[in-house]
Amino acid sequence: MHLVLLHALPFDGRMWAEQMDLLPRATIAPDLYGLGRSIEEWARAIVDRTDGEQLIVVGASMGGSCALEIAALAPARVAAVVLAEAKAGHRPEPEFRDEVVRTLQADGMAGAWQKYWAQLIGRATDLMIVEAARTLAFDQDIDDVVRGVRAFHSRRDLSEFARVWTKPLVVISGDQNRPERFAQLARDASDGEFHCVADCGHYVNLEQPSQFAAIVRGVIDRVTT
């Protein structure tokens with residue numbers, strides 16, 4: 001069994017530093033941006049890279065879209081899906097996508113961080129965590145982030161797949177990020193489970209790592225015992 005951790009915009013696999021020991025020696029956090037230009041390509045690369053292993057796929061935001069794609073691509077190999085602040089549905093927003101890309105290309109992360117991503121962090125989040133997230137975001141190659149934005153905004157709508165998925169679908173949301181949107185996804189699933197994490201915004205694994213880890217450990221225990 002492998003645990004696959006899939007990151008959110010505008011970060012890379014290092015956003016999972018606190019969770020890398022959840023399944024010792026069998027946890028991977030791939031950097032998605034270099035795996036292709038679409039979420040489908042990312043999913044295929046991860047399926048190929050994990051070489052027949054059974055998988056628990058955990059995705060945050062954009063990474064959640066990739067987690068669902070992996071489950072759709074290789075359903076027999078995926079034991080459970082965990083989505084943190086991720087939706088199965090997709091409503092195209094090409095104007096917003098193009099605005100974010102223009103901002104990144106013209107002003108870099110300095111122009112985009114406060115405008116698009118800093119505001120997603122919970123109001124009570126420790127300032128050291130906020131600064132660590134900011135540092136990680138600013139460390140990204142802008143071309144990589146642009147690729148991620150374009151891939152995210154061209155993703156497939158997997159609402160129907162999520163509804164018919166029969167294995168565990170665990171959905172996590174911070175209480176400061178309109179959790180009702182994500183609770184419905186769990187209710188619609190045949191084996192859905194929803195967790196609302198207090199004092200938290202969009203980046204649950206960064207903002208409340210202990211609570212996040214406890215939820216994922218519960219999933220691991222469920223599918224490995």
# chains A, B, ... in the order shown; residues from 1 in each chain; ligands from 1
$ residues_around --residues "Arg181 of chain A" --least-positions-apart "6" --cutoff "10 Å" --atoms "only C-alpha atoms" --output "PyMOL selection string"
chain A and resi 85-87+173
$ residues_around --residues "Thr135 of chain A" --least-positions-apart "3" --cutoff "12 Å" --atoms "only C-alpha atoms" --output "PDB file with all heavy atoms, in the first residue's frame"
ATOM      1  N   PRO A  10      -0.546  27.379  -4.611  1.00  0.00           N
ATOM      2  CA  PRO A  10       0.596  27.496  -5.504  1.00  0.00           C
ATOM      3  C   PRO A  10       1.836  26.822  -4.919  1.00  0.00           C
ATOM      4  O   PRO A  10       2.919  27.405  -4.904  1.00  0.00           O
ATOM      5  CB  PRO A  10       0.782  29.015  -5.570  1.00  0.00           C
ATOM      6  CG  PRO A  10       0.467  29.447  -4.147  1.00  0.00           C
ATOM      7  CD  PRO A  10      -0.570  28.486  -3.624  1.00  0.00           C
ATOM      8  N   PHE A  11       1.679  25.616  -4.411  1.00  0.00           N
ATOM      9  CA  PHE A  11       2.766  24.931  -3.726  1.00  0.00           C
ATOM     10  C   PHE A  11       3.276  23.749  -4.550  1.00  0.00           C
ATOM     11  O   PHE A  11       2.784  23.478  -5.635  1.00  0.00           O
ATOM     12  CB  PHE A  11       2.295  24.456  -2.348  1.00  0.00           C
ATOM     13  CG  PHE A  11       1.690  25.546  -1.513  1.00  0.00           C
ATOM     14  CD1 PHE A  11       0.347  25.521  -1.168  1.00  0.00           C
ATOM     15  CD2 PHE A  11       2.452  26.623  -1.097  1.00  0.00           C
ATOM     16  CE1 PHE A  11      -0.212  26.530  -0.406  1.00  0.00           C
ATOM     17  CE2 PHE A  11       1.906  27.647  -0.336  1.00  0.00           C
ATOM     18  CZ  PHE A  11       0.562  27.594   0.002  1.00  0.00           C
ATOM     19  N   ASP A  12       4.263  23.032  -4.001  1.00  0.00           N
ATOM     20  CA  ASP A  12       4.709  21.780  -4.583  1.00  0.00           C
ATOM     21  C   ASP A  12       4.649  20.708  -3.506  1.00  0.00           C
ATOM     22  O   ASP A  12       4.029  20.902  -2.456  1.00  0.00           O
ATOM     23  CB  ASP A  12       6.103  21.919  -5.199  1.00  0.00           C
ATOM     24  CG  ASP A  12       7.185  22.304  -4.194  1.00  0.00           C
ATOM     25  OD1 ASP A  12       6.948  22.161  -2.966  1.00  0.00           O
ATOM     26  OD2 ASP A  12       8.269  22.733  -4.619  1.00  0.00           O
ATOM     27  N   ARG A  14       6.447  19.785  -1.245  1.00  0.00           N
ATOM     28  CA  ARG A  14       6.960  20.097   0.087  1.00  0.00           C
ATOM     29  C   ARG A  14       5.883  20.570   1.050  1.00  0.00           C
ATOM     30  O   ARG A  14       6.118  20.640   2.259  1.00  0.00           O
ATOM     31  CB  ARG A  14       8.067  21.146  -0.022  1.00  0.00           C
ATOM     32  CG  ARG A  14       9.353  20.603  -0.636  1.00  0.00           C
ATOM     33  CD  ARG A  14      10.351  21.712  -0.892  1.00  0.00           C
ATOM     34  NE  ARG A  14       9.883  22.618  -1.936  1.00  0.00           N
ATOM     35  CZ  ARG A  14      10.484  23.766  -2.252  1.00  0.00           C
ATOM     36  NH1 ARG A  14      11.572  24.152  -1.581  1.00  0.00           N
ATOM     37  NH2 ARG A  14      10.028  24.514  -3.222  1.00  0.00           N
ATOM     38  N   MET A  15       4.688  20.876   0.534  1.00  0.00           N
ATOM     39  CA  MET A  15       3.629  21.295   1.447  1.00  0.00           C
ATOM     40  C   MET A  15       3.187  20.135   2.352  1.00  0.00           C
ATOM     41  O   MET A  15       2.470  20.340   3.327  1.00  0.00           O
ATOM     42  CB  MET A  15       2.426  21.842   0.681  1.00  0.00           C
ATOM     43  CG  MET A  15       1.525  20.810   0.050  1.00  0.00           C
ATOM     44  SD  MET A  15       0.019  21.512  -0.705  1.00  0.00           S
ATOM     45  CE  MET A  15      -0.934  21.989   0.733  1.00  0.00           C
ATOM     46  N   MET A 109       4.925  35.947  -8.205  1.00  0.00           N
ATOM     47  CA  MET A 109       4.212  35.576  -6.993  1.00  0.00           C
ATOM     48  C   MET A 109       3.975  36.778  -6.088  1.00  0.00           C
ATOM     49  O   MET A 109       2.993  36.823  -5.336  1.00  0.00           O
ATOM     50  CB  MET A 109       4.984  34.484  -6.241  1.00  0.00           C
ATOM     51  CG  MET A 109       4.203  33.841  -5.107  1.00  0.00           C
ATOM     52  SD  MET A 109       2.606  33.120  -5.589  1.00  0.00           S
ATOM     53  CE  MET A 109       3.157  31.770  -6.639  1.00  0.00           C
ATOM     54  N   ALA A 110       4.820  37.786  -6.180  1.00  0.00           N
ATOM     55  CA  ALA A 110       4.626  38.994  -5.371  1.00  0.00           C
ATOM     56  C   ALA A 110       3.290  39.659  -5.683  1.00  0.00           C
ATOM     57  O   ALA A 110       2.640  40.224  -4.796  1.00  0.00           O
ATOM     58  CB  ALA A 110       5.770  39.977  -5.619  1.00  0.00           C
ATOM     59  N   TRP A 113       0.248  36.360  -4.784  1.00  0.00           N
ATOM     60  CA  TRP A 113       0.045  35.696  -3.491  1.00  0.00           C
ATOM     61  C   TRP A 113      -1.077  36.341  -2.685  1.00  0.00           C
ATOM     62  O   TRP A 113      -2.036  35.675  -2.281  1.00  0.00           O
ATOM     63  CB  TRP A 113       1.348  35.689  -2.695  1.00  0.00           C
ATOM     64  CG  TRP A 113       1.188  35.231  -1.275  1.00  0.00           C
ATOM     65  CD1 TRP A 113       1.285  36.001  -0.159  1.00  0.00           C
ATOM     66  CD2 TRP A 113       0.911  33.899  -0.822  1.00  0.00           C
ATOM     67  NE1 TRP A 113       1.081  35.239   0.976  1.00  0.00           N
ATOM     68  CE2 TRP A 113       0.851  33.946   0.583  1.00  0.00           C
ATOM     69  CE3 TRP A 113       0.705  32.686  -1.476  1.00  0.00           C
ATOM     70  CZ2 TRP A 113       0.596  32.813   1.357  1.00  0.00           C
ATOM     71  CZ3 TRP A 113       0.440  31.553  -0.709  1.00  0.00           C
ATOM     72  CH2 TRP A 113       0.386  31.624   0.688  1.00  0.00           C
ATOM     73  N   ALA A 118      -3.300  34.094  -0.286  1.00  0.00           N
ATOM     74  CA  ALA A 118      -3.157  34.399   1.142  1.00  0.00           C
ATOM     75  C   ALA A 118      -4.511  34.483   1.826  1.00  0.00           C
ATOM     76  O   ALA A 118      -4.665  34.060   2.981  1.00  0.00           O
ATOM     77  CB  ALA A 118      -2.386  35.714   1.324  1.00  0.00           C
ATOM     78  N   MET A 128       3.481  31.879  12.046  1.00  0.00           N
ATOM     79  CA  MET A 128       4.640  31.121  11.557  1.00  0.00           C
ATOM     80  C   MET A 128       4.230  30.185  10.423  1.00  0.00           C
ATOM     81  O   MET A 128       4.980  29.991   9.454  1.00  0.00           O
ATOM     82  CB  MET A 128       5.274  30.330  12.704  1.00  0.00           C
ATOM     83  CG  MET A 128       5.980  31.189  13.738  1.00  0.00           C
ATOM     84  SD  MET A 128       6.778  30.193  15.027  1.00  0.00           S
ATOM     85  CE  MET A 128       7.996  29.297  14.061  1.00  0.00           C
ATOM     86  N   ILE A 129       3.030  29.616  10.518  1.00  0.00           N
ATOM     87  CA  ILE A 129       2.528  28.754   9.449  1.00  0.00           C
ATOM     88  C   ILE A 129       2.237  29.582   8.202  1.00  0.00           C
ATOM     89  O   ILE A 129       2.546  29.173   7.078  1.00  0.00           O
ATOM     90  CB  ILE A 129       1.276  27.998   9.923  1.00  0.00           C
ATOM     91  CG1 ILE A 129       1.641  27.017  11.033  1.00  0.00           C
ATOM     92  CG2 ILE A 129       0.600  27.268   8.761  1.00  0.00           C
ATOM     93  CD1 ILE A 129       0.459  26.319  11.665  1.00  0.00           C
ATOM     94  N   VAL A 130       1.642  30.749   8.406  1.00  0.00           N
ATOM     95  CA  VAL A 130       1.355  31.634   7.276  1.00  0.00           C
ATOM     96  C   VAL A 130       2.642  32.009   6.558  1.00  0.00           C
ATOM     97  O   VAL A 130       2.718  31.967   5.315  1.00  0.00           O
ATOM     98  CB  VAL A 130       0.611  32.897   7.744  1.00  0.00           C
ATOM     99  CG1 VAL A 130       0.401  33.861   6.577  1.00  0.00           C
ATOM    100  CG2 VAL A 130      -0.724  32.532   8.369  1.00  0.00           C
ATOM    101  N   GLU A 131       3.673  32.355   7.316  1.00  0.00           N
ATOM    102  CA  GLU A 131       4.935  32.756   6.704  1.00  0.00           C
ATOM    103  C   GLU A 131       5.608  31.586   5.999  1.00  0.00           C
ATOM    104  O   GLU A 131       6.200  31.742   4.920  1.00  0.00           O
ATOM    105  CB  GLU A 131       5.868  33.345   7.756  1.00  0.00           C
ATOM    106  CG  GLU A 131       7.200  33.862   7.197  1.00  0.00           C
ATOM    107  CD  GLU A 131       7.030  34.901   6.094  1.00  0.00           C
ATOM    108  OE1 GLU A 131       6.020  35.639   6.085  1.00  0.00           O
ATOM    109  OE2 GLU A 131       7.924  34.967   5.223  1.00  0.00           O
ATOM    110  N   ALA A 132       5.502  30.386   6.584  1.00  0.00           N
ATOM    111  CA  ALA A 132       6.075  29.209   5.939  1.00  0.00           C
ATOM    112  C   ALA A 132       5.374  28.925   4.612  1.00  0.00           C
ATOM    113  O   ALA A 132       6.022  28.580   3.613  1.00  0.00           O
ATOM    114  CB  ALA A 132       5.969  28.002   6.862  1.00  0.00           C
ATOM    115  N   PHE A 138       6.471  31.468  -2.715  1.00  0.00           N
ATOM    116  CA  PHE A 138       7.415  32.335  -3.413  1.00  0.00           C
ATOM    117  C   PHE A 138       8.608  31.565  -3.977  1.00  0.00           C
ATOM    118  O   PHE A 138       9.315  32.077  -4.849  1.00  0.00           O
ATOM    119  CB  PHE A 138       7.902  33.449  -2.479  1.00  0.00           C
ATOM    120  CG  PHE A 138       7.004  34.656  -2.455  1.00  0.00           C
ATOM    121  CD1 PHE A 138       5.733  34.584  -1.925  1.00  0.00           C
ATOM    122  CD2 PHE A 138       7.433  35.851  -2.983  1.00  0.00           C
ATOM    123  CE1 PHE A 138       4.898  35.696  -1.915  1.00  0.00           C
ATOM    124  CE2 PHE A 138       6.613  36.968  -2.984  1.00  0.00           C
ATOM    125  CZ  PHE A 138       5.332  36.886  -2.453  1.00  0.00           C
ATOM    126  N   ASP A 139       8.805  30.345  -3.507  1.00  0.00           N
ATOM    127  CA  ASP A 139       9.917  29.526  -3.987  1.00  0.00           C
ATOM    128  C   ASP A 139       9.582  28.787  -5.281  1.00  0.00           C
ATOM    129  O   ASP A 139      10.450  28.156  -5.881  1.00  0.00           O
ATOM    130  CB  ASP A 139      10.295  28.514  -2.897  1.00  0.00           C
ATOM    131  CG  ASP A 139      11.657  27.880  -3.138  1.00  0.00           C
ATOM    132  OD1 ASP A 139      12.569  28.593  -3.612  1.00  0.00           O
ATOM    133  OD2 ASP A 139      11.812  26.679  -2.866  1.00  0.00           O
ATOM    134  N   GLN A 140       8.321  28.876  -5.725  1.00  0.00           N
ATOM    135  CA  GLN A 140       7.907  28.159  -6.927  1.00  0.00           C
ATOM    136  C   GLN A 140       8.356  28.880  -8.194  1.00  0.00           C
ATOM    137  O   GLN A 140       8.411  30.108  -8.243  1.00  0.00           O
ATOM    138  CB  GLN A 140       6.382  28.011  -6.966  1.00  0.00           C
ATOM    139  CG  GLN A 140       5.779  27.316  -5.769  1.00  0.00           C
ATOM    140  CD  GLN A 140       6.370  25.954  -5.522  1.00  0.00           C
ATOM    141  OE1 GLN A 140       6.371  25.095  -6.409  1.00  0.00           O
ATOM    142  NE2 GLN A 140       6.889  25.743  -4.328  1.00  0.00           N
TER     143      GLN A 140
END
$ closest_residue --among "A:Glu180, A:Asp21, A:Asp107, A:Asp31" --to "Ala8 of chain A" --atoms "only C-alpha atoms"
A:Asp31
$ residues_around --residues "segment 188-199 of chain A" --least-positions-apart "2" --cutoff "7 Å" --atoms "only C-alpha atoms" --output "PDB file with all heavy atoms, in the first residue's frame"
ATOM      1  N   GLY A 122      -6.888  30.472   6.979  1.00  0.00           N
ATOM      2  CA  GLY A 122      -7.792  30.802   8.073  1.00  0.00           C
ATOM      3  C   GLY A 122      -7.324  31.990   8.901  1.00  0.00           C
ATOM      4  O   GLY A 122      -6.118  32.228   9.057  1.00  0.00           O
ATOM      5  N   ALA A 124      -7.315  32.529  12.074  1.00  0.00           N
ATOM      6  CA  ALA A 124      -6.626  32.260  13.335  1.00  0.00           C
ATOM      7  C   ALA A 124      -5.342  31.450  13.146  1.00  0.00           C
ATOM      8  O   ALA A 124      -4.724  31.048  14.129  1.00  0.00           O
ATOM      9  CB  ALA A 124      -7.561  31.521  14.290  1.00  0.00           C
ATOM     10  N   ALA A 162     -17.661  10.607  -8.769  1.00  0.00           N
ATOM     11  CA  ALA A 162     -17.640  10.633  -7.301  1.00  0.00           C
ATOM     12  C   ALA A 162     -18.909  10.011  -6.726  1.00  0.00           C
ATOM     13  O   ALA A 162     -18.867   9.341  -5.682  1.00  0.00           O
ATOM     14  CB  ALA A 162     -17.470  12.059  -6.803  1.00  0.00           C
ATOM     15  N   ARG A 163     -20.033  10.219  -7.390  1.00  0.00           N
ATOM     16  CA  ARG A 163     -21.293   9.659  -6.892  1.00  0.00           C
ATOM     17  C   ARG A 163     -21.318   8.134  -6.983  1.00  0.00           C
ATOM     18  O   ARG A 163     -21.903   7.476  -6.121  1.00  0.00           O
ATOM     19  CB  ARG A 163     -22.468  10.247  -7.665  1.00  0.00           C
ATOM     20  CG  ARG A 163     -22.899  11.619  -7.181  1.00  0.00           C
ATOM     21  CD  ARG A 163     -24.242  12.022  -7.763  1.00  0.00           C
ATOM     22  NE  ARG A 163     -24.154  12.296  -9.191  1.00  0.00           N
ATOM     23  CZ  ARG A 163     -23.897  13.501  -9.689  1.00  0.00           C
ATOM     24  NH1 ARG A 163     -23.707  14.527  -8.877  1.00  0.00           N
ATOM     25  NH2 ARG A 163     -23.843  13.691 -10.995  1.00  0.00           N
ATOM     26  N   VAL A 164     -20.709   7.575  -8.022  1.00  0.00           N
ATOM     27  CA  VAL A 164     -20.787   6.127  -8.206  1.00  0.00           C
ATOM     28  C   VAL A 164     -19.576   5.389  -7.618  1.00  0.00           C
ATOM     29  O   VAL A 164     -19.562   4.159  -7.592  1.00  0.00           O
ATOM     30  CB  VAL A 164     -20.950   5.761  -9.698  1.00  0.00           C
ATOM     31  CG1 VAL A 164     -22.190   6.420 -10.271  1.00  0.00           C
ATOM     32  CG2 VAL A 164     -19.716   6.148 -10.516  1.00  0.00           C
ATOM     33  N   TRP A 165     -18.576   6.125  -7.157  1.00  0.00           N
ATOM     34  CA  TRP A 165     -17.401   5.502  -6.530  1.00  0.00           C
ATOM     35  C   TRP A 165     -17.853   4.775  -5.267  1.00  0.00           C
ATOM     36  O   TRP A 165     -18.506   5.354  -4.403  1.00  0.00           O
ATOM     37  CB  TRP A 165     -16.389   6.591  -6.197  1.00  0.00           C
ATOM     38  CG  TRP A 165     -15.182   6.184  -5.418  1.00  0.00           C
ATOM     39  CD1 TRP A 165     -14.915   6.480  -4.114  1.00  0.00           C
ATOM     40  CD2 TRP A 165     -14.060   5.431  -5.896  1.00  0.00           C
ATOM     41  NE1 TRP A 165     -13.708   5.964  -3.749  1.00  0.00           N
ATOM     42  CE2 TRP A 165     -13.155   5.311  -4.826  1.00  0.00           C
ATOM     43  CE3 TRP A 165     -13.751   4.859  -7.129  1.00  0.00           C
ATOM     44  CZ2 TRP A 165     -11.952   4.641  -4.936  1.00  0.00           C
ATOM     45  CZ3 TRP A 165     -12.543   4.183  -7.248  1.00  0.00           C
ATOM     46  CH2 TRP A 165     -11.659   4.078  -6.168  1.00  0.00           C
ATOM     47  N   THR A 166     -17.518   3.488  -5.140  1.00  0.00           N
ATOM     48  CA  THR A 166     -18.059   2.676  -4.057  1.00  0.00           C
ATOM     49  C   THR A 166     -17.108   2.505  -2.879  1.00  0.00           C
ATOM     50  O   THR A 166     -17.511   1.981  -1.838  1.00  0.00           O
ATOM     51  CB  THR A 166     -18.435   1.279  -4.580  1.00  0.00           C
ATOM     52  OG1 THR A 166     -17.272   0.652  -5.159  1.00  0.00           O
ATOM     53  CG2 THR A 166     -19.541   1.383  -5.623  1.00  0.00           C
ATOM     54  N   LYS A 167     -15.872   2.934  -3.022  1.00  0.00           N
ATOM     55  CA  LYS A 167     -14.907   2.823  -1.926  1.00  0.00           C
ATOM     56  C   LYS A 167     -14.918   4.119  -1.101  1.00  0.00           C
ATOM     57  O   LYS A 167     -15.586   5.086  -1.459  1.00  0.00           O
ATOM     58  CB  LYS A 167     -13.525   2.530  -2.503  1.00  0.00           C
ATOM     59  CG  LYS A 167     -13.465   1.202  -3.257  1.00  0.00           C
ATOM     60  CD  LYS A 167     -12.105   0.997  -3.898  1.00  0.00           C
ATOM     61  CE  LYS A 167     -12.102  -0.210  -4.808  1.00  0.00           C
ATOM     62  NZ  LYS A 167     -10.802  -0.404  -5.493  1.00  0.00           N
ATOM     63  N   PRO A 168     -14.178   4.152   0.022  1.00  0.00           N
ATOM     64  CA  PRO A 168     -14.223   5.347   0.872  1.00  0.00           C
ATOM     65  C   PRO A 168     -13.851   6.628   0.127  1.00  0.00           C
ATOM     66  O   PRO A 168     -12.846   6.683  -0.584  1.00  0.00           O
ATOM     67  CB  PRO A 168     -13.193   5.023   1.964  1.00  0.00           C
ATOM     68  CG  PRO A 168     -13.201   3.532   2.054  1.00  0.00           C
ATOM     69  CD  PRO A 168     -13.391   3.054   0.637  1.00  0.00           C
ATOM     70  N   LEU A 169     -14.691   7.636   0.298  1.00  0.00           N
ATOM     71  CA  LEU A 169     -14.432   8.986  -0.210  1.00  0.00           C
ATOM     72  C   LEU A 169     -14.531   9.915   0.995  1.00  0.00           C
ATOM     73  O   LEU A 169     -15.621  10.224   1.465  1.00  0.00           O
ATOM     74  CB  LEU A 169     -15.440   9.379  -1.282  1.00  0.00           C
ATOM     75  CG  LEU A 169     -15.281  10.789  -1.863  1.00  0.00           C
ATOM     76  CD1 LEU A 169     -13.961  10.913  -2.618  1.00  0.00           C
ATOM     77  CD2 LEU A 169     -16.445  11.133  -2.786  1.00  0.00           C
ATOM     78  N   VAL A 170     -13.382  10.320   1.500  1.00  0.00           N
ATOM     79  CA  VAL A 170     -13.312  11.126   2.713  1.00  0.00           C
ATOM     80  C   VAL A 170     -13.049  12.572   2.319  1.00  0.00           C
ATOM     81  O   VAL A 170     -12.087  12.863   1.609  1.00  0.00           O
ATOM     82  CB  VAL A 170     -12.208  10.599   3.654  1.00  0.00           C
ATOM     83  CG1 VAL A 170     -12.105  11.467   4.904  1.00  0.00           C
ATOM     84  CG2 VAL A 170     -12.499   9.139   4.029  1.00  0.00           C
ATOM     85  N   VAL A 171     -13.911  13.460   2.774  1.00  0.00           N
ATOM     86  CA  VAL A 171     -13.860  14.869   2.381  1.00  0.00           C
ATOM     87  C   VAL A 171     -13.574  15.707   3.618  1.00  0.00           C
ATOM     88  O   VAL A 171     -14.230  15.545   4.653  1.00  0.00           O
ATOM     89  CB  VAL A 171     -15.184  15.298   1.729  1.00  0.00           C
ATOM     90  CG1 VAL A 171     -15.096  16.744   1.261  1.00  0.00           C
ATOM     91  CG2 VAL A 171     -15.540  14.377   0.562  1.00  0.00           C
ATOM     92  N   ILE A 172     -12.599  16.605   3.508  1.00  0.00           N
ATOM     93  CA  ILE A 172     -12.168  17.440   4.626  1.00  0.00           C
ATOM     94  C   ILE A 172     -12.272  18.901   4.221  1.00  0.00           C
ATOM     95  O   ILE A 172     -11.878  19.272   3.112  1.00  0.00           O
ATOM     96  CB  ILE A 172     -10.711  17.125   5.028  1.00  0.00           C
ATOM     97  CG1 ILE A 172     -10.520  15.623   5.280  1.00  0.00           C
ATOM     98  CG2 ILE A 172     -10.297  17.932   6.256  1.00  0.00           C
ATOM     99  CD1 ILE A 172      -9.065  15.208   5.444  1.00  0.00           C
ATOM    100  N   SER A 173     -12.777  19.731   5.137  1.00  0.00           N
ATOM    101  CA  SER A 173     -12.852  21.173   4.880  1.00  0.00           C
ATOM    102  C   SER A 173     -12.575  21.938   6.164  1.00  0.00           C
ATOM    103  O   SER A 173     -12.904  21.477   7.262  1.00  0.00           O
ATOM    104  CB  SER A 173     -14.240  21.553   4.354  1.00  0.00           C
ATOM    105  OG  SER A 173     -14.345  22.964   4.193  1.00  0.00           O
ATOM    106  N   GLY A 174     -11.968  23.113   6.009  1.00  0.00           N
ATOM    107  CA  GLY A 174     -11.857  24.025   7.130  1.00  0.00           C
ATOM    108  C   GLY A 174     -13.183  24.723   7.378  1.00  0.00           C
ATOM    109  O   GLY A 174     -13.961  24.959   6.449  1.00  0.00           O
ATOM    110  N   ASP A 175     -13.447  25.065   8.628  1.00  0.00           N
ATOM    111  CA  ASP A 175     -14.734  25.678   8.955  1.00  0.00           C
ATOM    112  C   ASP A 175     -14.859  27.109   8.446  1.00  0.00           C
ATOM    113  O   ASP A 175     -15.955  27.669   8.441  1.00  0.00           O
ATOM    114  CB  ASP A 175     -14.985  25.635  10.467  1.00  0.00           C
ATOM    115  CG  ASP A 175     -14.010  26.498  11.265  1.00  0.00           C
ATOM    116  OD1 ASP A 175     -12.908  26.836  10.746  1.00  0.00           O
ATOM    117  OD2 ASP A 175     -14.316  26.827  12.432  1.00  0.00           O
ATOM    118  N   GLN A 176     -13.762  27.709   7.985  1.00  0.00           N
ATOM    119  CA  GLN A 176     -13.798  29.077   7.488  1.00  0.00           C
ATOM    120  C   GLN A 176     -13.800  29.138   5.959  1.00  0.00           C
ATOM    121  O   GLN A 176     -13.553  30.195   5.381  1.00  0.00           O
ATOM    122  CB  GLN A 176     -12.600  29.854   8.037  1.00  0.00           C
ATOM    123  CG  GLN A 176     -12.614  29.975   9.559  1.00  0.00           C
ATOM    124  CD  GLN A 176     -11.366  30.624  10.121  1.00  0.00           C
ATOM    125  OE1 GLN A 176     -10.604  31.264   9.398  1.00  0.00           O
ATOM    126  NE2 GLN A 176     -11.147  30.454  11.413  1.00  0.00           N
ATOM    127  N   PRO A 179     -17.743  25.199   4.359  1.00  0.00           N
ATOM    128  CA  PRO A 179     -17.648  23.731   4.361  1.00  0.00           C
ATOM    129  C   PRO A 179     -18.874  23.022   3.795  1.00  0.00           C
ATOM    130  O   PRO A 179     -18.763  21.868   3.377  1.00  0.00           O
ATOM    131  CB  PRO A 179     -17.459  23.396   5.847  1.00  0.00           C
ATOM    132  CG  PRO A 179     -17.974  24.578   6.592  1.00  0.00           C
ATOM    133  CD  PRO A 179     -17.652  25.760   5.727  1.00  0.00           C
ATOM    134  N   ALA A 183     -19.303  19.219   2.163  1.00  0.00           N
ATOM    135  CA  ALA A 183     -20.114  18.225   2.863  1.00  0.00           C
ATOM    136  C   ALA A 183     -21.070  17.533   1.903  1.00  0.00           C
ATOM    137  O   ALA A 183     -21.316  16.322   2.020  1.00  0.00           O
ATOM    138  CB  ALA A 183     -20.885  18.887   4.005  1.00  0.00           C
ATOM    139  N   GLN A 184     -21.605  18.258   0.940  1.00  0.00           N
ATOM    140  CA  GLN A 184     -22.539  17.664  -0.006  1.00  0.00           C
ATOM    141  C   GLN A 184     -21.875  16.580  -0.841  1.00  0.00           C
ATOM    142  O   GLN A 184     -22.493  15.561  -1.165  1.00  0.00           O
ATOM    143  CB  GLN A 184     -23.126  18.740  -0.917  1.00  0.00           C
ATOM    144  CG  GLN A 184     -24.246  18.246  -1.822  1.00  0.00           C
ATOM    145  CD  GLN A 184     -25.430  17.744  -1.032  1.00  0.00           C
ATOM    146  OE1 GLN A 184     -25.940  18.442  -0.155  1.00  0.00           O
ATOM    147  NE2 GLN A 184     -25.878  16.531  -1.333  1.00  0.00           N
ATOM    148  N   LEU A 185     -20.622  16.784  -1.186  1.00  0.00           N
ATOM    149  CA  LEU A 185     -19.885  15.779  -1.959  1.00  0.00           C
ATOM    150  C   LEU A 185     -19.833  14.468  -1.190  1.00  0.00           C
ATOM    151  O   LEU A 185     -20.047  13.385  -1.769  1.00  0.00           O
ATOM    152  CB  LEU A 185     -18.476  16.292  -2.255  1.00  0.00           C
ATOM    153  CG  LEU A 185     -17.503  15.341  -2.941  1.00  0.00           C
ATOM    154  CD1 LEU A 185     -18.040  14.882  -4.290  1.00  0.00           C
ATOM    155  CD2 LEU A 185     -16.135  16.012  -3.111  1.00  0.00           C
ATOM    156  N   ALA A 186     -19.570  14.528   0.100  1.00  0.00           N
ATOM    157  CA  ALA A 186     -19.529  13.319   0.921  1.00  0.00           C
ATOM    158  C   ALA A 186     -20.904  12.684   1.045  1.00  0.00           C
ATOM    159  O   ALA A 186     -21.045  11.454   1.001  1.00  0.00           O
ATOM    160  CB  ALA A 186     -18.962  13.638   2.299  1.00  0.00           C
TER     161      ALA A 186
END
$ residues_around --residues "Ala84 of chain A" --least-positions-apart "3" --cutoff "8 Å" --atoms "only C-alpha atoms" --output "ChimeraX atom specification"
/A:58-61,64,171-173,203-204
$ atom_distance --atom1 "atom CA of Ala137 of chain A" --atom2 "atom CA of Val4 of chain A"
20.9 Å
$ closest_atom_pairs --of "segment 56-88 of chain A" --to "segment 32-45 of chain A" --cutoff "6 Å" --atoms "only C-alpha atoms" --output "JSON lines"
{"residue": "A:Cys66", "atom": "CA", "partner": "A:Ile39", "partner_atom": "CA", "distance": 5.7}
{"residue": "A:Glu69", "atom": "CA", "partner": "A:Ala43", "partner_atom": "CA", "distance": 5.9}
{"residue": "A:Ile70", "atom": "CA", "partner": "A:Ala43", "partner_atom": "CA", "distance": 5.0}
$ write_last_selection --atoms "all heavy atoms" --output "compact mmCIF listing (two decimals), in the first residue's frame"
# COMPACT_ATOMS: atom_id res chain seq x y z
N CYS A 66 -6.69 15.74 -9.05
CA CYS A 66 -5.79 14.70 -9.53
C CYS A 66 -6.08 13.38 -8.82
O CYS A 66 -6.02 12.31 -9.45
CB CYS A 66 -4.35 15.13 -9.32
SG CYS A 66 -3.14 14.04 -10.10
N GLU A 69 -8.92 11.82 -10.54
CA GLU A 69 -8.51 11.30 -11.84
C GLU A 69 -7.77 9.97 -11.71
O GLU A 69 -7.95 9.07 -12.52
CB GLU A 69 -7.63 12.31 -12.56
CG GLU A 69 -8.36 13.48 -13.21
CD GLU A 69 -9.17 13.06 -14.44
OE1 GLU A 69 -9.06 11.89 -14.88
OE2 GLU A 69 -9.90 13.92 -14.95
N ILE A 70 -6.94 9.84 -10.69
CA ILE A 70 -6.23 8.59 -10.47
C ILE A 70 -7.23 7.47 -10.18
O ILE A 70 -7.13 6.37 -10.71
CB ILE A 70 -5.21 8.74 -9.32
CG1 ILE A 70 -4.07 9.68 -9.74
CG2 ILE A 70 -4.65 7.38 -8.90
CD1 ILE A 70 -3.16 10.07 -8.60
$ closest_residue --among "A:Ala74, A:Leu55, A:Val146, A:Leu158" --to "Gly89 of chain A" --atoms "only C-alpha atoms"
A:Leu158
$ closest_atom_pairs --of "segment 18-112 of chain A" --to "segment 207-220 of chain A" --cutoff "8 Å" --atoms "only C-alpha atoms" --output "CSV"
residue,atom,partner,partner_atom,distance
A:Glu18,CA,A:Pro209,CA,6.7
A:Gln19,CA,A:Ala213,CA,6.6
A:Leu22,CA,A:Arg217,CA,6.8
A:Ile56,CA,A:Ile220,CA,7.6
A:Ala80,CA,A:Val219,CA,7.5
A:Val82,CA,A:Val216,CA,7.7
